[in-house]
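Shown here: structure_27.txt, compact mmCIF, C-alpha atoms and all ligand atoms.
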# COMPACT_ATOMS: atom_id res chain seq x y z
CA MET A 1 6.63 -0.18 26.22
CA SER A 2 7.35 2.98 24.25
CA GLU A 3 8.88 1.08 21.35
CA MET A 4 7.07 1.83 18.11
CA ALA A 5 7.22 -0.09 14.86
CA GLU A 6 7.70 2.51 12.15
CA THR A 7 7.57 0.05 9.30
CA PRO A 8 5.27 -2.87 9.98
CA ALA A 9 5.50 -5.67 7.47
CA LEU A 10 3.12 -4.92 4.63
CA PRO A 11 1.93 -7.29 1.91
CA ALA A 12 3.83 -7.02 -1.39
CA PRO A 13 1.16 -5.08 -3.33
CA VAL A 14 1.49 -2.23 -0.85
CA GLY A 15 4.83 -2.87 0.83
CA ALA A 16 7.25 -3.95 -1.90
CA GLY A 17 8.43 -0.39 -2.41
CA ARG A 18 9.26 -0.68 -6.12
CA TYR A 19 6.45 1.57 -7.24
CA ASN A 20 4.57 4.35 -5.57
CA VAL A 21 1.19 2.90 -4.72
CA TYR A 22 -0.59 6.20 -5.28
CA THR A 23 1.04 7.33 -8.52
CA GLY A 24 2.49 4.16 -10.07
CA VAL A 25 5.83 5.94 -10.50
CA GLN A 26 8.90 3.78 -10.04
CA ALA A 27 10.33 4.26 -6.60
CA ASP A 28 13.84 4.98 -7.89
CA ALA A 29 12.64 7.71 -10.25
CA ALA A 30 13.32 11.31 -9.30
CA ASP A 31 9.73 11.84 -8.27
CA GLY A 32 9.29 8.24 -7.28
CA GLY A 33 8.10 8.73 -3.83
CA VAL A 34 7.77 7.02 -0.62
CA VAL A 35 6.55 3.70 0.59
CA PRO A 36 3.40 4.50 2.49
CA THR A 37 3.08 3.54 6.10
CA ALA A 38 0.17 1.49 7.32
CA ALA A 39 -1.22 4.65 8.84
CA GLN A 40 -1.23 6.42 5.49
CA LEU A 41 -2.84 3.42 3.88
CA GLY A 42 -5.56 3.60 6.45
CA LEU A 43 -6.51 7.01 5.15
CA GLU A 44 -6.22 6.45 1.43
CA PRO A 45 -6.33 3.21 -0.54
CA PRO A 46 -3.43 2.33 -2.83
CA ARG A 47 -4.05 2.56 -6.58
CA PHE A 48 -1.02 0.77 -7.98
CA CYS A 49 0.78 -2.40 -6.99
CA ALA A 50 4.04 -1.63 -5.16
CA GLU A 51 5.56 -4.79 -6.57
CA CYS A 52 4.83 -4.44 -10.31
CA GLY A 53 3.24 -1.01 -10.82
CA ARG A 54 0.05 -2.39 -12.33
CA ARG A 55 -3.12 -0.46 -11.67
CA MET A 56 -5.06 -2.37 -9.07
CA ILE A 57 -8.78 -2.90 -8.75
CA VAL A 58 -9.77 -0.87 -5.70
CA GLN A 59 -12.97 -1.07 -3.72
CA VAL A 60 -13.59 1.41 -0.92
CA ARG A 61 -15.93 0.54 1.89
CA PRO A 62 -17.14 2.65 4.80
CA THR A 63 -14.85 0.62 7.02
CA GLY A 64 -11.80 0.47 4.77
CA TRP A 65 -10.83 -0.84 1.37
CA TRP A 66 -9.41 -3.68 -0.59
CA ALA A 67 -7.11 -3.50 -3.59
CA LYS A 68 -6.31 -6.30 -5.99
CA CYS A 69 -3.33 -6.78 -8.27
CA SER A 70 -3.93 -9.34 -10.99
CA ARG A 71 -0.51 -10.84 -10.31
CA HIS A 72 0.18 -10.26 -6.65
CA GLY A 73 -3.21 -10.74 -5.10
CA GLN A 74 -5.53 -8.81 -2.90
CA VAL A 75 -4.79 -6.64 0.09
CA ASP A 76 -7.43 -5.64 2.55
CA SER A 77 -7.06 -2.71 4.91
CA ILE A 78 -8.24 -4.99 7.67
CA ASP A 79 -5.10 -7.07 7.15
CA LEU A 80 -2.76 -4.13 7.62
CA ASP A 81 -3.31 -3.70 11.33
CA VAL A 82 -3.70 0.03 10.84
CA ARG A 83 -3.12 2.07 13.95
CA ARG A 84 -5.11 5.24 14.11
ZN ZN B 101 1.50 -6.60 -8.64

Spell out the structure here as structure tokens.
Amino acid sequence: MSEMAETPALPAPVGAGRYNVYTGVQADAADGGVVPTAAQLGLEPPRFCAECGRRMIVQVRPTGWWAKCSRHGQVDSIDLDVRR
């Protein structure tokens, strides 16, 4: 019962890991950065698609956010099963 999932499966626009979703920097660059966990995404919406690095359309709500990549679709914080 104490088993914890450190890396839950995330949709491609936030979980692909190719680009930093907050900075748009390529993940293999020196300052590329880290794939955010669902918990981090619960606190701050992503700004860039993790799959292609495009700037996403982001809408923040009182209850969460959604972010949309024109190629890879929309992610909603509700879908991420964020554990607080
Ligand atoms: Zn994309």

Point-to-point distance from CA of Pro11 (chain A) to CA of Val25 (chain A), Å rounded to tenths: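 Distance reported for this atom pair: 18.6 Å.
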
Nearest candidate to Gln40 (chain A) (options A:Val14, A:Gly53, A:Gln26, A:Gln74; using only C-alpha atoms):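 Closest to Gln40 (chain A), using only C-alpha atoms: A:Val14.
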
Of the listed residues A:Asp28, A:Arg18, A:Ala39, A:Val75, that which approaches Met56 (chain A) most closely, counting only C-alpha atoms: A:Val75

Separation of CA of Pro45 (chain A) from CA of Ser70 (chain A) in Å: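 Rounded to one decimal, the two atoms are 16.5 Å apart.
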
Which of A:Ala38, A:Ala12, A:Leu80, A:Ala30 sits closest to Lys68 (chain A) [using only C-alpha atoms]: A:Ala12

Counting only C-alpha atoms and all ligand atoms, the residue of A:Leu41, A:Ala16, A:Cys69, A:Ile78 that sits nearest ligand ZN 101 (chain B):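 For ligand ZN 101 (chain B), the nearest of the given residues is A:Cys69.
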
Selected residue, from A:Ala29, A:Gly42, A:Val60, A:Tyr19, that lies nearest to ligand ZN 101 (chain B) when counting all atoms listed in the file: A:Tyr19

Determine, using all atoms listed in the file, which residues of chain A have any atom at most 6 Å from an atom of ligand ZN 101 (chain B), and tabulate each with its shortest atom pair and distance in Å to one decimal place, rows ordered by chain and then rising number, as CSV.
residue,atom,partner,partner_atom,distance
A:Pro13,CA,B:ZN101,ZN,5.5
A:Cys49,CA,B:ZN101,ZN,4.6
A:Glu51,CA,B:ZN101,ZN,4.9
A:Cys52,CA,B:ZN101,ZN,4.3
A:Arg54,CA,B:ZN101,ZN,5.8
A:Cys69,CA,B:ZN101,ZN,4.8
A:Arg71,CA,B:ZN101,ZN,5.0
A:His72,CA,B:ZN101,ZN,4.4

Counting all atoms listed in the file, the residue of A:Trp65, A:Leu43, A:Ala50, A:Ala27 that sits nearest Asp79 (chain A):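 Closest to Asp79 (chain A) of all the choices is A:Trp65.
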
For CA of Leu10 (chain A) and CA of Thr37 (chain A), the interatomic separation in Å (one decimal): 8.6 Å

Filled-in N, CA and C atoms of region 28-53 of chain A, supplied as a PDB file, keeping the file's coordinate frame:
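result-v3.pdb written:
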ATOM      1  N   ASP A  28      12.501   4.408  -7.735  1.00  0.00           N
ATOM      2  CA  ASP A  28      13.840   4.980  -7.890  1.00  0.00           C
ATOM      3  C   ASP A  28      13.863   6.127  -8.891  1.00  0.00           C
ATOM      4  N   ALA A  29      12.708   6.523  -9.409  1.00  0.00           N
ATOM      5  CA  ALA A  29      12.640   7.710 -10.250  1.00  0.00           C
ATOM      6  C   ALA A  29      12.795   8.956  -9.380  1.00  0.00           C
ATOM      7  N   ALA A  30      13.085  10.080 -10.050  1.00  0.00           N
ATOM      8  CA  ALA A  30      13.320  11.310  -9.300  1.00  0.00           C
ATOM      9  C   ALA A  30      12.119  11.692  -8.440  1.00  0.00           C
ATOM     10  N   ASP A  31      10.938  11.509  -9.025  1.00  0.00           N
ATOM     11  CA  ASP A  31       9.730  11.840  -8.270  1.00  0.00           C
ATOM     12  C   ASP A  31       9.025  10.564  -7.797  1.00  0.00           C
ATOM     13  N   GLY A  32       9.832   9.555  -7.569  1.00  0.00           N
ATOM     14  CA  GLY A  32       9.290   8.240  -7.280  1.00  0.00           C
ATOM     15  C   GLY A  32       8.474   8.164  -6.030  1.00  0.00           C
ATOM     16  N   GLY A  33       8.952   8.688  -4.988  1.00  0.00           N
ATOM     17  CA  GLY A  33       8.100   8.730  -3.830  1.00  0.00           C
ATOM     18  C   GLY A  33       8.426   7.700  -2.785  1.00  0.00           C
ATOM     19  N   VAL A  34       7.515   7.603  -1.911  1.00  0.00           N
ATOM     20  CA  VAL A  34       7.770   7.020  -0.620  1.00  0.00           C
ATOM     21  C   VAL A  34       6.862   5.810  -0.427  1.00  0.00           C
ATOM     22  N   VAL A  35       7.394   4.818   0.206  1.00  0.00           N
ATOM     23  CA  VAL A  35       6.550   3.700   0.590  1.00  0.00           C
ATOM     24  C   VAL A  35       5.616   4.157   1.703  1.00  0.00           C
ATOM     25  N   PRO A  36       4.338   4.001   1.480  1.00  0.00           N
ATOM     26  CA  PRO A  36       3.400   4.500   2.490  1.00  0.00           C
ATOM     27  C   PRO A  36       3.463   3.659   3.760  1.00  0.00           C
ATOM     28  N   THR A  37       3.195   4.276   4.844  1.00  0.00           N
ATOM     29  CA  THR A  37       3.080   3.540   6.100  1.00  0.00           C
ATOM     30  C   THR A  37       1.681   2.981   6.211  1.00  0.00           C
ATOM     31  N   ALA A  38       1.507   2.048   7.107  1.00  0.00           N
ATOM     32  CA  ALA A  38       0.170   1.490   7.320  1.00  0.00           C
ATOM     33  C   ALA A  38      -0.813   2.575   7.700  1.00  0.00           C
ATOM     34  N   ALA A  39      -0.339   3.565   8.425  1.00  0.00           N
ATOM     35  CA  ALA A  39      -1.220   4.650   8.840  1.00  0.00           C
ATOM     36  C   ALA A  39      -1.717   5.441   7.635  1.00  0.00           C
ATOM     37  N   GLN A  40      -0.804   5.713   6.691  1.00  0.00           N
ATOM     38  CA  GLN A  40      -1.230   6.420   5.490  1.00  0.00           C
ATOM     39  C   GLN A  40      -2.218   5.593   4.688  1.00  0.00           C
ATOM     40  N   LEU A  41      -1.945   4.297   4.619  1.00  0.00           N
ATOM     41  CA  LEU A  41      -2.840   3.420   3.880  1.00  0.00           C
ATOM     42  C   LEU A  41      -4.204   3.326   4.524  1.00  0.00           C
ATOM     43  N   GLY A  42      -4.259   3.599   5.802  1.00  0.00           N
ATOM     44  CA  GLY A  42      -5.560   3.600   6.450  1.00  0.00           C
ATOM     45  C   GLY A  42      -6.424   4.756   6.013  1.00  0.00           C
ATOM     46  N   LEU A  43      -5.780   5.818   5.548  1.00  0.00           N
ATOM     47  CA  LEU A  43      -6.510   7.010   5.150  1.00  0.00           C
ATOM     48  C   LEU A  43      -6.859   7.000   3.673  1.00  0.00           C
ATOM     49  N   GLU A  44      -6.009   6.407   2.872  1.00  0.00           N
ATOM     50  CA  GLU A  44      -6.220   6.450   1.430  1.00  0.00           C
ATOM     51  C   GLU A  44      -5.820   5.112   0.822  1.00  0.00           C
ATOM     52  N   PRO A  45      -6.683   4.507   0.037  1.00  0.00           N
ATOM     53  CA  PRO A  45      -6.330   3.210  -0.540  1.00  0.00           C
ATOM     54  C   PRO A  45      -5.249   3.352  -1.610  1.00  0.00           C
ATOM     55  N   PRO A  46      -4.424   2.325  -1.770  1.00  0.00           N
ATOM     56  CA  PRO A  46      -3.430   2.330  -2.830  1.00  0.00           C
ATOM     57  C   PRO A  46      -4.105   2.159  -4.182  1.00  0.00           C
ATOM     58  N   ARG A  47      -3.474   2.668  -5.226  1.00  0.00           N
ATOM     59  CA  ARG A  47      -4.050   2.560  -6.580  1.00  0.00           C
ATOM     60  C   ARG A  47      -3.204   1.673  -7.483  1.00  0.00           C
ATOM     61  N   PHE A  48      -1.931   1.544  -7.144  1.00  0.00           N
ATOM     62  CA  PHE A  48      -1.020   0.770  -7.980  1.00  0.00           C
ATOM     63  C   PHE A  48      -0.283  -0.239  -7.110  1.00  0.00           C
ATOM     64  N   CYS A  49       0.068  -1.374  -7.722  1.00  0.00           N
ATOM     65  CA  CYS A  49       0.780  -2.400  -6.990  1.00  0.00           C
ATOM     66  C   CYS A  49       2.220  -1.951  -6.752  1.00  0.00           C
ATOM     67  N   ALA A  50       2.677  -2.045  -5.506  1.00  0.00           N
ATOM     68  CA  ALA A  50       4.040  -1.630  -5.160  1.00  0.00           C
ATOM     69  C   ALA A  50       5.079  -2.603  -5.708  1.00  0.00           C
ATOM     70  N   GLU A  51       4.645  -3.780  -6.067  1.00  0.00           N
ATOM     71  CA  GLU A  51       5.560  -4.790  -6.570  1.00  0.00           C
ATOM     72  C   GLU A  51       5.787  -4.656  -8.070  1.00  0.00           C
ATOM     73  N   CYS A  52       4.720  -4.411  -8.844  1.00  0.00           N
ATOM     74  CA  CYS A  52       4.830  -4.440 -10.310  1.00  0.00           C
ATOM     75  C   CYS A  52       4.326  -3.172 -10.977  1.00  0.00           C
ATOM     76  N   GLY A  53       3.686  -2.276 -10.248  1.00  0.00           N
ATOM     77  CA  GLY A  53       3.240  -1.010 -10.820  1.00  0.00           C
ATOM     78  C   GLY A  53       1.950  -1.100 -11.607  1.00  0.00           C
TER      79      GLY A  53
END
